[in-house]
file work-v1.cif (mmCIF, C-alpha atoms)
data_my_file
loop_
_atom_site.label_atom_id
_atom_site.label_comp_id
_atom_site.auth_asym_id
_atom_site.auth_seq_id
_atom_site.Cartn_x
_atom_site.Cartn_y
_atom_site.Cartn_z
CA MET A 1 -35.42 -44.18 15.21
CA THR A 2 -38.63 -43.84 13.21
CA ILE A 3 -38.98 -46.23 10.28
CA THR A 4 -40.93 -44.86 7.32
CA ILE A 5 -41.90 -46.89 4.28
CA THR A 6 -43.69 -45.80 1.14
CA ALA A 7 -46.73 -47.50 -0.37
CA PHE A 8 -49.17 -46.85 -3.22
CA GLU A 9 -51.74 -44.16 -2.49
CA ARG A 10 -54.06 -46.57 -4.26
CA SER A 11 -52.71 -50.04 -5.02
CA PRO A 12 -53.43 -51.37 -8.53
CA ASP A 13 -54.73 -54.57 -6.90
CA GLY A 14 -57.32 -52.67 -4.84
CA GLY A 15 -56.03 -54.12 -1.55
CA LYS A 16 -55.34 -57.78 -2.33
CA GLY A 17 -51.96 -57.36 -0.64
CA LEU A 18 -49.97 -58.10 -3.80
CA ALA A 19 -48.15 -54.76 -3.91
CA ARG A 20 -44.60 -54.98 -2.65
CA ASP A 21 -45.12 -52.91 0.50
CA THR A 22 -46.95 -55.89 2.02
CA ARG A 23 -43.80 -57.99 2.29
CA VAL A 24 -41.94 -55.17 4.04
CA ARG A 25 -44.88 -54.60 6.40
CA TRP A 26 -44.89 -58.35 7.06
CA ALA A 27 -41.18 -58.37 7.96
CA LEU A 28 -41.65 -55.33 10.22
CA GLU A 29 -44.52 -57.11 11.98
CA GLU A 30 -42.53 -60.35 12.35
CA VAL A 31 -39.74 -58.51 14.16
CA GLY A 32 -42.09 -56.24 16.11
CA GLN A 33 -40.99 -52.90 14.68
CA SER A 34 -43.51 -50.08 14.43
CA TYR A 35 -43.41 -48.01 11.28
CA GLU A 36 -44.98 -45.10 9.50
CA VAL A 37 -46.26 -45.10 5.94
CA ARG A 38 -46.02 -42.32 3.40
CA LEU A 39 -48.43 -42.81 0.53
CA VAL A 40 -47.27 -42.00 -2.98
CA SER A 41 -49.34 -41.44 -6.11
CA PHE A 42 -48.34 -42.95 -9.47
CA GLN A 43 -47.38 -39.48 -10.60
CA ALA A 44 -45.28 -38.68 -7.53
CA MET A 45 -43.41 -41.98 -7.87
CA LYS A 46 -41.70 -40.64 -10.99
CA GLU A 47 -40.89 -37.21 -9.55
CA PRO A 48 -37.40 -36.22 -8.32
CA ALA A 49 -38.16 -36.42 -4.59
CA HIS A 50 -39.19 -40.07 -4.83
CA MET A 51 -36.62 -40.99 -7.51
CA ALA A 52 -33.92 -39.81 -5.10
CA LEU A 53 -35.08 -42.56 -2.75
CA HIS A 54 -35.86 -45.15 -5.42
CA PRO A 55 -33.93 -44.78 -8.71
CA PHE A 56 -36.45 -47.01 -10.51
CA GLY A 57 -39.49 -45.03 -9.33
CA GLN A 58 -41.26 -47.79 -7.45
CA ILE A 59 -42.54 -48.57 -3.98
CA PRO A 60 -41.68 -49.47 -1.28
CA THR A 61 -38.78 -47.48 0.05
CA TYR A 62 -37.42 -47.67 3.58
CA GLU A 63 -36.10 -44.76 5.63
CA GLU A 64 -34.54 -45.01 9.06
CA GLY A 65 -32.60 -41.94 10.15
CA HIS A 66 -30.04 -41.23 7.46
CA LEU A 67 -30.40 -44.66 5.87
CA ALA A 68 -32.58 -44.97 2.75
CA LEU A 69 -33.10 -48.34 1.07
CA PHE A 70 -35.17 -49.76 -1.78
CA GLU A 71 -35.65 -53.32 -3.12
CA THR A 72 -37.82 -55.50 -0.89
CA GLY A 73 -35.17 -58.23 -0.67
CA SER A 74 -32.69 -55.73 0.69
CA ILE A 75 -35.15 -54.13 3.12
CA VAL A 76 -36.32 -57.49 4.47
CA PHE A 77 -32.69 -58.60 4.82
CA HIS A 78 -31.80 -55.38 6.65
CA LEU A 79 -34.57 -56.06 9.17
CA ALA A 80 -33.68 -59.75 9.42
CA GLU A 81 -30.06 -58.96 10.15
CA ARG A 82 -30.87 -56.51 12.94
CA HIS A 83 -33.66 -58.38 14.70
CA ALA A 84 -34.12 -61.99 15.79
CA GLY A 85 -36.67 -64.24 14.14
CA LEU A 86 -36.15 -64.04 10.40
CA LEU A 87 -32.73 -65.64 9.88
CA PRO A 88 -31.28 -68.76 11.51
CA VAL A 89 -28.35 -68.31 13.91
CA ASP A 90 -26.41 -71.23 12.38
CA ALA A 91 -24.15 -69.81 9.64
CA ASP A 92 -24.90 -72.45 7.01
CA ALA A 93 -28.66 -72.34 7.59
CA ARG A 94 -28.50 -68.56 7.43
CA ALA A 95 -26.72 -68.68 4.06
CA ARG A 96 -29.36 -71.08 2.74
CA ALA A 97 -32.19 -68.82 3.93
CA ILE A 98 -30.57 -65.91 2.08
CA THR A 99 -30.35 -68.16 -1.00
CA TRP A 100 -34.13 -68.56 -0.88
CA MET A 101 -34.56 -64.79 -0.64
CA PHE A 102 -32.61 -64.36 -3.88
CA ALA A 103 -34.36 -67.32 -5.50
CA ALA A 104 -37.73 -65.71 -4.74
CA VAL A 105 -36.96 -62.40 -6.44
CA ASN A 106 -34.60 -63.58 -9.19
CA THR A 107 -35.91 -66.98 -10.26
CA VAL A 108 -39.55 -67.33 -9.20
CA GLU A 109 -40.92 -63.76 -9.40
CA PRO A 110 -39.89 -62.83 -12.98
CA PRO A 111 -41.95 -65.50 -14.78
CA ILE A 112 -44.91 -64.72 -12.53
CA LEU A 113 -44.67 -61.02 -13.39
CA ASP A 114 -44.64 -61.97 -17.07
CA LEU A 115 -48.29 -62.93 -16.56
CA VAL A 116 -48.97 -59.24 -15.95
CA THR A 117 -46.97 -58.30 -19.04
CA VAL A 118 -48.90 -60.61 -21.35
CA LYS A 119 -52.36 -60.00 -19.85
CA ILE A 120 -52.23 -56.30 -18.97
CA LEU A 121 -49.23 -54.51 -20.50
CA GLU A 122 -49.62 -56.32 -23.83
CA GLY A 123 -53.27 -57.24 -23.37
CA ASP A 124 -54.30 -55.24 -26.44
CA LYS A 125 -51.65 -56.78 -28.69
CA PRO A 126 -52.66 -59.29 -31.36
CA TRP A 127 -50.33 -61.94 -29.86
CA SER A 128 -51.54 -61.67 -26.29
CA LYS A 129 -54.02 -64.56 -26.39
CA GLU A 130 -51.71 -66.94 -28.22
CA ARG A 131 -48.71 -66.05 -26.09
CA LEU A 132 -50.44 -66.50 -22.73
CA PRO A 133 -50.14 -70.33 -22.63
CA LEU A 134 -46.38 -70.10 -23.24
CA VAL A 135 -45.97 -67.71 -20.33
CA GLN A 136 -48.22 -69.83 -18.14
CA ASP A 137 -46.13 -72.92 -18.92
CA ARG A 138 -42.97 -71.11 -17.87
CA VAL A 139 -44.61 -70.25 -14.55
CA ARG A 140 -45.68 -73.89 -14.18
CA GLY A 141 -42.10 -75.00 -14.86
CA ARG A 142 -40.81 -72.95 -11.94
CA LEU A 143 -43.69 -73.81 -9.62
CA LYS A 144 -43.25 -77.51 -10.30
CA GLN A 145 -39.54 -77.37 -9.45
CA LEU A 146 -40.29 -75.47 -6.26
CA SER A 147 -43.09 -77.90 -5.42
CA VAL A 148 -40.70 -80.84 -5.79
CA ARG A 149 -38.12 -79.19 -3.55
CA LEU A 150 -40.63 -78.23 -0.86
CA GLY A 151 -42.21 -81.70 -0.82
CA SER A 152 -44.12 -82.19 2.41
CA ALA A 153 -41.99 -79.77 4.43
CA GLU A 154 -43.60 -76.91 6.30
CA TRP A 155 -41.03 -74.30 5.20
CA LEU A 156 -38.25 -74.30 2.61
CA ASP A 157 -35.38 -75.02 5.01
CA GLY A 158 -36.18 -75.78 8.65
CA GLU A 159 -37.87 -72.99 10.58
CA PHE A 160 -39.77 -70.10 8.94
CA SER A 161 -37.27 -67.53 7.67
CA ALA A 162 -36.97 -64.40 5.55
CA GLY A 163 -36.56 -66.83 2.63
CA ASP A 164 -40.09 -68.10 3.22
CA LEU A 165 -41.42 -64.59 3.75
CA MET A 166 -40.09 -63.57 0.35
CA MET A 167 -41.10 -66.78 -1.42
CA VAL A 168 -44.67 -66.77 -0.05
CA SER A 169 -45.00 -63.10 -1.05
CA VAL A 170 -43.86 -63.85 -4.57
CA LEU A 171 -46.03 -66.96 -4.93
CA LEU A 172 -49.09 -65.00 -3.82
CA ARG A 173 -48.80 -63.07 -7.07
CA SER A 174 -49.42 -66.28 -9.03
CA ARG A 175 -52.66 -67.10 -7.22
CA PRO A 176 -55.03 -64.83 -9.21
CA SER A 177 -54.01 -66.75 -12.37
CA GLY A 178 -55.10 -70.05 -10.84
CA LEU A 179 -51.63 -71.52 -11.36
CA LEU A 180 -50.65 -71.65 -7.69
CA ASP A 181 -53.59 -73.92 -6.89
CA GLU A 182 -52.31 -76.49 -9.41
CA TYR A 183 -49.60 -77.29 -6.84
CA SER A 184 -51.37 -78.25 -3.64
CA ASN A 185 -48.27 -78.27 -1.44
CA LEU A 186 -47.34 -74.77 -2.63
CA ALA A 187 -50.90 -73.52 -2.07
CA ALA A 188 -50.76 -74.94 1.47
CA TYR A 189 -47.32 -73.39 2.01
CA VAL A 190 -48.65 -69.98 1.00
CA ALA A 191 -51.68 -70.47 3.26
CA ARG A 192 -49.33 -71.21 6.19
CA GLY A 193 -47.57 -67.92 5.50
CA GLU A 194 -50.84 -66.03 5.33
CA ALA A 195 -51.97 -67.58 8.61
CA ARG A 196 -49.08 -66.05 10.55
CA PRO A 197 -50.31 -63.24 12.83
CA ALA A 198 -47.63 -60.90 11.47
CA TYR A 199 -48.87 -61.43 7.90
CA GLN A 200 -52.45 -60.85 9.03
CA ARG A 201 -51.52 -57.51 10.57
CA ALA A 202 -49.55 -56.50 7.46
CA PHE A 203 -52.42 -57.45 5.17
CA ALA A 204 -54.98 -55.58 7.29
CA ALA A 205 -52.81 -52.45 7.31
CA GLN A 206 -52.53 -52.28 3.52
CA LEU A 207 -56.21 -53.17 3.11
CA ALA A 208 -57.25 -50.31 5.39
CA ILE A 209 -55.50 -47.85 3.08
CA ASN A 210 -56.88 -49.34 -0.10
CA THR A 211 -60.50 -49.45 1.00
CA ARG A 212 -60.82 -45.88 2.26
CA THR A 213 -63.63 -43.85 0.78
CA PRO A 214 -62.47 -41.56 -2.03
CA GLN A 215 -62.92 -37.87 -1.25
CA PRO A 216 -64.43 -35.29 -3.65
CA ASP A 217 -60.93 -34.51 -4.99
CA GLY A 218 -60.59 -38.13 -6.07
CA HIS A 219 -57.96 -38.98 -3.47
CA PRO A 220 -58.78 -41.41 -0.65
CA ARG A 221 -58.36 -40.08 2.88
CA MET B 1 -12.09 -76.08 2.83
CA THR B 2 -12.29 -76.67 -0.92
CA ILE B 3 -14.75 -74.51 -2.79
CA THR B 4 -16.37 -76.14 -5.82
CA ILE B 5 -18.65 -74.36 -8.26
CA THR B 6 -20.49 -75.73 -11.27
CA ALA B 7 -20.42 -74.26 -14.77
CA PHE B 8 -21.72 -75.19 -18.22
CA GLU B 9 -19.74 -77.93 -19.96
CA ARG B 10 -20.27 -75.72 -22.98
CA SER B 11 -21.72 -72.29 -22.39
CA PRO B 12 -24.51 -71.21 -24.78
CA ASP B 13 -22.57 -67.96 -25.35
CA GLY B 14 -19.43 -69.81 -26.49
CA GLY B 15 -17.25 -68.10 -23.91
CA LYS B 16 -18.41 -64.48 -23.91
CA GLY B 17 -18.54 -64.66 -20.13
CA LEU B 18 -22.29 -64.05 -19.93
CA ALA B 19 -23.12 -67.32 -18.19
CA ARG B 20 -23.72 -66.88 -14.50
CA ASP B 21 -20.64 -68.74 -13.30
CA THR B 22 -18.53 -65.74 -14.38
CA ARG B 23 -19.89 -63.49 -11.65
CA VAL B 24 -19.16 -66.12 -8.99
CA ARG B 25 -15.64 -66.65 -10.38
CA TRP B 26 -15.21 -62.87 -10.31
CA ALA B 27 -16.21 -62.64 -6.65
CA LEU B 28 -13.89 -65.54 -5.78
CA GLU B 29 -11.03 -63.76 -7.56
CA GLU B 30 -11.81 -60.43 -5.86
CA VAL B 31 -11.49 -62.04 -2.41
CA GLY B 32 -8.56 -64.25 -3.42
CA GLN B 33 -10.20 -67.63 -2.90
CA SER B 34 -9.10 -70.57 -5.05
CA TYR B 35 -11.84 -72.85 -6.32
CA GLU B 36 -12.52 -75.92 -8.36
CA VAL B 37 -15.03 -76.22 -11.17
CA ARG B 38 -17.25 -79.16 -11.98
CA LEU B 39 -18.63 -78.93 -15.51
CA VAL B 40 -22.23 -79.94 -16.11
CA SER B 41 -23.95 -80.78 -19.39
CA PHE B 42 -27.43 -79.46 -20.22
CA GLN B 43 -28.75 -82.97 -19.68
CA ALA B 44 -27.03 -83.48 -16.33
CA MET B 45 -28.37 -80.12 -15.07
CA LYS B 46 -31.86 -81.60 -14.99
CA GLU B 47 -30.86 -84.89 -13.36
CA PRO B 48 -31.42 -85.65 -9.65
CA ALA B 49 -27.78 -85.24 -8.55
CA HIS B 50 -27.66 -81.66 -9.80
CA MET B 51 -31.27 -80.83 -8.90
CA ALA B 52 -30.40 -81.75 -5.30
CA LEU B 53 -27.90 -78.89 -5.37
CA HIS B 54 -29.97 -76.52 -7.50
CA PRO B 55 -33.75 -77.03 -7.37
CA PHE B 56 -34.22 -75.02 -10.58
CA GLY B 57 -31.66 -77.06 -12.56
CA GLN B 58 -29.26 -74.23 -13.39
CA ILE B 59 -25.62 -73.30 -12.88
CA PRO B 60 -23.71 -72.16 -10.92
CA THR B 61 -23.87 -73.95 -7.61
CA TYR B 62 -21.43 -73.45 -4.73
CA GLU B 63 -20.16 -76.17 -2.41
CA GLU B 64 -17.93 -75.63 0.59
CA GLY B 65 -17.78 -78.56 3.01
CA HIS B 66 -21.35 -79.34 4.01
CA LEU B 67 -22.71 -76.05 2.69
CA ALA B 68 -24.40 -76.03 -0.71
CA LEU B 69 -25.75 -72.79 -2.19
CA PHE B 70 -27.30 -71.67 -5.46
CA GLU B 71 -28.37 -68.21 -6.78
CA THR B 72 -25.47 -65.97 -7.74
CA GLY B 73 -26.66 -63.15 -5.50
CA SER B 74 -26.56 -65.44 -2.51
CA ILE B 75 -23.17 -66.95 -3.41
CA VAL B 76 -21.57 -63.57 -3.99
CA PHE B 77 -23.07 -62.29 -0.73
CA HIS B 78 -21.76 -65.35 1.13
CA LEU B 79 -18.25 -64.60 -0.13
CA ALA B 80 -18.60 -60.87 0.52
CA GLU B 81 -19.68 -61.49 4.10
CA ARG B 82 -16.74 -63.75 4.89
CA HIS B 83 -13.92 -61.89 3.16
CA ALA B 84 -12.89 -58.25 3.04
CA GLY B 85 -13.20 -56.21 -0.11
CA LEU B 86 -16.71 -56.65 -1.45
CA LEU B 87 -18.87 -54.94 1.20
CA PRO B 88 -18.27 -51.67 3.04
CA VAL B 89 -17.57 -51.85 6.78
CA ASP B 90 -19.94 -48.95 7.55
CA ALA B 91 -23.36 -50.47 8.32
CA ASP B 92 -25.42 -48.04 6.23
CA ALA B 93 -23.10 -48.25 3.21
CA ARG B 94 -23.16 -52.05 3.52
CA ALA B 95 -27.00 -52.06 3.48
CA ARG B 96 -26.98 -49.86 0.37
CA ALA B 97 -24.47 -52.16 -1.39
CA ILE B 98 -26.76 -55.13 -0.66
CA THR B 99 -29.64 -53.08 -2.09
CA TRP B 100 -27.75 -52.82 -5.38
CA MET B 101 -27.18 -56.58 -5.38
CA PHE B 102 -30.94 -57.13 -5.19
CA ALA B 103 -31.64 -54.36 -7.70
CA ALA B 104 -29.29 -56.05 -10.18
CA VAL B 105 -31.02 -59.43 -10.11
CA ASN B 106 -34.60 -58.35 -9.41
CA THR B 107 -35.04 -55.08 -11.30
CA VAL B 108 -32.38 -54.82 -14.01
CA GLU B 109 -31.75 -58.44 -15.07
CA PRO B 110 -35.35 -59.56 -15.82
CA PRO B 111 -36.05 -57.09 -18.66
CA ILE B 112 -32.61 -57.85 -20.13
CA LEU B 113 -33.33 -61.59 -20.08
CA ASP B 114 -36.61 -60.87 -21.88
CA LEU B 115 -34.44 -60.02 -24.89
CA VAL B 116 -33.44 -63.70 -24.95
CA THR B 117 -37.06 -64.74 -24.61
CA VAL B 118 -38.26 -62.67 -27.55
CA LYS B 119 -35.25 -63.32 -29.82
CA ILE B 120 -34.40 -66.95 -29.06
CA LEU B 121 -37.10 -68.71 -27.05
CA GLU B 122 -39.91 -67.14 -29.10
CA GLY B 123 -37.78 -66.33 -32.13
CA ASP B 124 -39.90 -68.57 -34.37
CA LYS B 125 -43.22 -67.08 -33.23
CA PRO B 126 -45.15 -64.79 -35.56
CA TRP B 127 -45.09 -61.97 -33.00
CA SER B 128 -41.35 -62.05 -32.31
CA LYS B 129 -40.34 -59.28 -34.70
CA GLU B 130 -43.16 -56.93 -33.74
CA ARG B 131 -42.71 -57.58 -30.03
CA LEU B 132 -38.94 -56.95 -29.96
CA PRO B 133 -39.16 -53.11 -29.91
CA LEU B 134 -41.50 -53.24 -26.88
CA VAL B 135 -39.05 -55.42 -24.99
CA GLN B 136 -36.13 -53.24 -26.03
CA ASP B 137 -37.95 -50.14 -24.80
CA ARG B 138 -38.47 -51.76 -21.41
CA VAL B 139 -34.75 -52.44 -21.20
CA ARG B 140 -34.05 -48.83 -22.21
CA GLY B 141 -36.41 -47.65 -19.47
CA ARG B 142 -34.40 -49.43 -16.80
CA LEU B 143 -31.01 -48.53 -18.26
CA LYS B 144 -31.98 -44.88 -18.45
CA GLN B 145 -33.01 -44.82 -14.79
CA LEU B 146 -29.77 -46.52 -13.80
CA SER B 147 -27.78 -44.14 -16.00
CA VAL B 148 -29.38 -41.15 -14.29
CA ARG B 149 -28.58 -42.54 -10.86
CA LEU B 150 -24.98 -43.42 -11.70
CA GLY B 151 -24.33 -40.01 -13.30
CA SER B 152 -20.60 -39.38 -13.43
CA ALA B 153 -19.76 -41.58 -10.44
CA GLU B 154 -17.25 -44.38 -10.76
CA TRP B 155 -19.33 -46.95 -8.89
CA LEU B 156 -22.94 -47.02 -7.69
CA ASP B 157 -22.25 -46.02 -4.08
CA GLY B 158 -18.72 -45.07 -3.08
CA GLU B 159 -16.09 -47.80 -3.45
CA PHE B 160 -16.49 -50.84 -5.71
CA SER B 161 -18.71 -53.39 -3.97
CA ALA B 162 -20.58 -56.64 -4.50
CA GLY B 163 -23.43 -54.40 -5.70
CA ASP B 164 -21.28 -53.21 -8.60
CA LEU B 165 -20.02 -56.74 -9.26
CA MET B 166 -23.60 -57.94 -9.67
CA MET B 167 -24.79 -54.89 -11.62
CA VAL B 168 -21.88 -54.95 -14.09
CA SER B 169 -22.45 -58.69 -14.62
CA VAL B 170 -26.12 -58.12 -15.35
CA LEU B 171 -25.51 -55.14 -17.63
CA LEU B 172 -22.98 -57.15 -19.65
CA ARG B 173 -25.90 -59.28 -20.81
CA SER B 174 -27.45 -56.22 -22.50
CA ARG B 175 -24.33 -55.42 -24.55
CA PRO B 176 -24.85 -57.91 -27.42
CA SER B 177 -28.18 -56.17 -28.15
CA GLY B 178 -26.44 -52.82 -28.58
CA LEU B 179 -28.63 -51.24 -25.90
CA LEU B 180 -25.89 -50.83 -23.31
CA ASP B 181 -23.86 -48.62 -25.64
CA GLU B 182 -26.79 -46.19 -25.89
CA TYR B 183 -25.88 -45.08 -22.35
CA SER B 184 -22.26 -44.01 -22.43
CA ASN B 185 -21.82 -43.71 -18.67
CA LEU B 186 -23.17 -47.24 -18.19
CA ALA B 187 -20.92 -48.59 -20.95
CA ALA B 188 -17.94 -46.93 -19.23
CA TYR B 189 -19.07 -48.32 -15.86
CA VAL B 190 -19.18 -51.83 -17.28
CA ALA B 191 -15.75 -51.31 -18.88
CA ARG B 192 -14.36 -50.28 -15.48
CA GLY B 193 -15.68 -53.53 -14.05
CA GLU B 194 -14.17 -55.56 -16.87
CA ALA B 195 -10.81 -53.84 -16.38
CA ARG B 196 -10.46 -55.13 -12.83
CA PRO B 197 -7.77 -57.81 -12.64
CA ALA B 198 -10.14 -60.14 -10.77
CA TYR B 199 -12.67 -59.90 -13.60
CA GLN B 200 -9.95 -60.55 -16.16
CA ARG B 201 -8.93 -63.74 -14.38
CA ALA B 202 -12.55 -64.87 -14.08
CA PHE B 203 -13.21 -64.18 -17.75
CA ALA B 204 -10.06 -66.01 -18.85
CA ALA B 205 -10.96 -69.04 -16.74
CA GLN B 206 -14.41 -69.45 -18.30
CA LEU B 207 -13.03 -68.74 -21.77
CA ALA B 208 -10.43 -71.49 -21.41
CA ILE B 209 -13.20 -74.02 -20.81
CA ASN B 210 -15.38 -72.81 -23.63
CA THR B 211 -12.69 -72.76 -26.29
CA ARG B 212 -11.29 -76.25 -25.73
CA THR B 213 -11.14 -78.46 -28.80
CA PRO B 214 -14.09 -80.87 -29.00
CA GLN B 215 -13.03 -84.53 -28.85
CA PRO B 216 -14.31 -87.27 -31.21
CA ASP B 217 -17.16 -88.04 -28.76
CA GLY B 218 -18.39 -84.47 -29.15
CA HIS B 219 -17.42 -83.42 -25.63
CA PRO B 220 -14.66 -80.87 -25.11
CA ARG B 221 -11.71 -82.00 -23.01
#
call {"tool": "encode", "arguments": {"input": "work-v1.cif", "output": "structure tokens"}}
result
Amino acid sequence: MTITITAFERSPDGGKGLARDTRVRWALEEVGQSYEVRLVSFQAMKEPAHMALHPFGQIPTYEEGHLALFETGSIVFHLAERHAGLLPVDADARARAITWMFAAVNTVEPPILDLVTVKILEGDKPWSKERLPLVQDRVRGRLKQLSVRLGSAEWLDGEFSAGDLMMVSVLLRSRPSGLLDEYSNLAAYVARGEARPAYQRAFAAQLAINTRTPQPDGHPR
Amino acid sequence: MTITITAFERSPDGGKGLARDTRVRWALEEVGQSYEVRLVSFQAMKEPAHMALHPFGQIPTYEEGHLALFETGSIVFHLAERHAGLLPVDADARARAITWMFAAVNTVEPPILDLVTVKILEGDKPWSKERLPLVQDRVRGRLKQLSVRLGSAEWLDGEFSAGDLMMVSVLLRSRPSGLLDEYSNLAAYVARGEARPAYQRAFAAQLAINTRTPQPDGHPR
């Protein structure tokens, strides 16, 4: 059955791989599933056809026959459950890997996304400059706790899992701020994720889209 | 095997059921599993014994024999996977229910928690009052999208599922702000969740702890 995901027609990061389609591409590459991509403009993301697939008007979505999913955690889990390689076979280890998936999106990602809120969304507000250090310190608080837990381990719990895939993807979003590099074991952990061939293929695929030459109508082809 | 969860010795909400142990208690009640509770003080949450269970120093945690989990999404999923009643049997419906679990903690909860940031954490900052309407509007944005998707349905996707359990729990946290009641179908959805006998038992159990009489040493007994 053909798998189709959606991605930004033009990613706000210009191809740095920080948009959320990258983590779904990565999971698809890890489990060896081919997929098609439907590109969506910012405008189309808020129109009924896309909102029917994604009630919050975001990317990515995932379609496979009659099944339509959104939320990267859910899509990555769906793939991990149906294909070997992203979740341990042992029941307890599997439950812990799923714990890290939720920790990535619920506990680590929100403070990192607040950096975007304070710098971009509220960048023109009079409080932006004074508020930034508070937000940065909250990110540091989370990164420090994660750094302590990871210690000198290669991955968060034994072998590489969907928990690492999600956590590395989320941590990548803290790198442009410089905060990730304050925690050398986390920076090395992220680099190990990026070095995986499946990540490399996922990154290259999103980059190819985001570095196409714009056409006269303003849309890249 | 005995199941033990952790909860606040004294919840910051004084027993309104908004602390995260309530959703785990609710799931345990839905699947008919008895459990024990170990209460943790704010100080003890940051000490090594608790940090070994929860690397981010929060509650709840979940222990069952040798298995130790954190993150409510992961704990609720663990219970839903092992007991009937919280996830559909049909594979596609199950994947969609899991999608709603992730949507609750990754997409709907973060803007709602920002209300706490702006009102409490940054309540003494000069920008707090001016920033509040921006944060409220972001919550409204999400609630409106969810309201549109829910429409006149009873639950988010067919029968009540772990996705509803998580979403109702997250939405409850927006009620003190008054924002939930701006969306009548969401307010009714949350009320349907609260009316479930399993929720009632979970709520009563956390309330009993949080309304005990403090002893001379300042700790409730």
call {"tool": "interface_residues", "arguments": {"input": "work-v1.cif", "of": "chain A", "to": "chain B", "cutoff": "8 Å", "atoms": "only C-alpha atoms", "output": "list in words"}}
result
Pro55, Phe56, Leu67, Ala68, Leu69, Phe70, Glu71, Gly73, Ser74, Ile75, His78, Asp92, Ala95, Arg96, Ile98, Thr99, Phe102, Ala103, Val105, Asn106, Pro110, Trp127, Arg142, Gln145, Leu146 and Arg149 of chain A
call {"tool": "resolve_selection", "arguments": {"input": "work-v1.cif", "expression": "the PyMOL selection byres ((chain B and resi 29) around 9)", "output": "PyMOL selection string"}}
result
chain B and resi 24-28+30-34+197-199+201-202
call {"tool": "write_last_selection", "arguments": {"input": "work-v1.cif", "atoms": "C-alpha atoms", "output": "PDB file, in the frame of the given file"}}
result
ATOM      1  CA  VAL B  24     -19.160 -66.120  -8.990  1.00  0.00           C
ATOM      2  CA  ARG B  25     -15.640 -66.650 -10.380  1.00  0.00           C
ATOM      3  CA  TRP B  26     -15.210 -62.870 -10.310  1.00  0.00           C
ATOM      4  CA  ALA B  27     -16.210 -62.640  -6.650  1.00  0.00           C
ATOM      5  CA  LEU B  28     -13.890 -65.540  -5.780  1.00  0.00           C
ATOM      6  CA  GLU B  30     -11.810 -60.430  -5.860  1.00  0.00           C
ATOM      7  CA  VAL B  31     -11.490 -62.040  -2.410  1.00  0.00           C
ATOM      8  CA  GLY B  32      -8.560 -64.250  -3.420  1.00  0.00           C
ATOM      9  CA  GLN B  33     -10.200 -67.630  -2.900  1.00  0.00           C
ATOM     10  CA  SER B  34      -9.100 -70.570  -5.050  1.00  0.00           C
ATOM     11  CA  PRO B 197      -7.770 -57.810 -12.640  1.00  0.00           C
ATOM     12  CA  ALA B 198     -10.140 -60.140 -10.770  1.00  0.00           C
ATOM     13  CA  TYR B 199     -12.670 -59.900 -13.600  1.00  0.00           C
ATOM     14  CA  ARG B 201      -8.930 -63.740 -14.380  1.00  0.00           C
ATOM     15  CA  ALA B 202     -12.550 -64.870 -14.080  1.00  0.00           C
TER      16      ALA B 202
END
call {"tool": "resolve_selection", "arguments": {"input": "work-v1.cif", "expression": "the PyMOL selection byres ((chain B and resi 182) around 12)", "output": "mmCIF file with C-alpha atoms, in the coordinates of the input"}}
result
data_model
loop_
_atom_site.group_PDB
_atom_site.id
_atom_site.type_symbol
_atom_site.label_atom_id
_atom_site.label_comp_id
_atom_site.auth_asym_id
_atom_site.auth_seq_id
_atom_site.Cartn_x
_atom_site.Cartn_y
_atom_site.Cartn_z
ATOM 1 C CA GLN B 136 -36.130 -53.240 -26.030
ATOM 2 C CA ASP B 137 -37.950 -50.140 -24.800
ATOM 3 C CA VAL B 139 -34.750 -52.440 -21.200
ATOM 4 C CA ARG B 140 -34.050 -48.830 -22.210
ATOM 5 C CA GLY B 141 -36.410 -47.650 -19.470
ATOM 6 C CA LEU B 143 -31.010 -48.530 -18.260
ATOM 7 C CA LYS B 144 -31.980 -44.880 -18.450
ATOM 8 C CA SER B 147 -27.780 -44.140 -16.000
ATOM 9 C CA SER B 174 -27.450 -56.220 -22.500
ATOM 10 C CA ARG B 175 -24.330 -55.420 -24.550
ATOM 11 C CA PRO B 176 -24.850 -57.910 -27.420
ATOM 12 C CA SER B 177 -28.180 -56.170 -28.150
ATOM 13 C CA GLY B 178 -26.440 -52.820 -28.580
ATOM 14 C CA LEU B 179 -28.630 -51.240 -25.900
ATOM 15 C CA LEU B 180 -25.890 -50.830 -23.310
ATOM 16 C CA ASP B 181 -23.860 -48.620 -25.640
ATOM 17 C CA TYR B 183 -25.880 -45.080 -22.350
ATOM 18 C CA SER B 184 -22.260 -44.010 -22.430
ATOM 19 C CA ASN B 185 -21.820 -43.710 -18.670
ATOM 20 C CA LEU B 186 -23.170 -47.240 -18.190
ATOM 21 C CA ALA B 187 -20.920 -48.590 -20.950
ATOM 22 C CA ALA B 188 -17.940 -46.930 -19.230
#
call {"tool": "atom_distance", "arguments": {"input": "work-v1.cif", "atom1": "CA of Asp13 in chain B", "atom2": "CA of Gln206 in chain B"}}
result
10.9 Å
call {"tool": "atom_distance", "arguments": {"input": "work-v1.cif", "atom1": "CA of Leu18 in chain A", "atom2": "CA of Arg173 in chain A"}}
result
6.1 Å
call {"tool": "resolve_selection", "arguments": {"input": "work-v1.cif", "expression": "the PyMOL selection byres ((chain B and resi 38) around 7)", "output": "PyMOL selection string"}}
result
chain B and resi 4-7+36-37+39-40
call {"tool": "write_last_selection", "arguments": {"input": "work-v1.cif", "atoms": "C-alpha atoms", "output": "compact mmCIF listing (two decimals), in the frame of the given file"}}
result
# COMPACT_ATOMS: atom_id res chain seq x y z
CA THR B 4 -16.37 -76.14 -5.82
CA ILE B 5 -18.65 -74.36 -8.26
CA THR B 6 -20.49 -75.73 -11.27
CA ALA B 7 -20.42 -74.26 -14.77
CA GLU B 36 -12.52 -75.92 -8.36
CA VAL B 37 -15.03 -76.22 -11.17
CA LEU B 39 -18.63 -78.93 -15.51
CA VAL B 40 -22.23 -79.94 -16.11
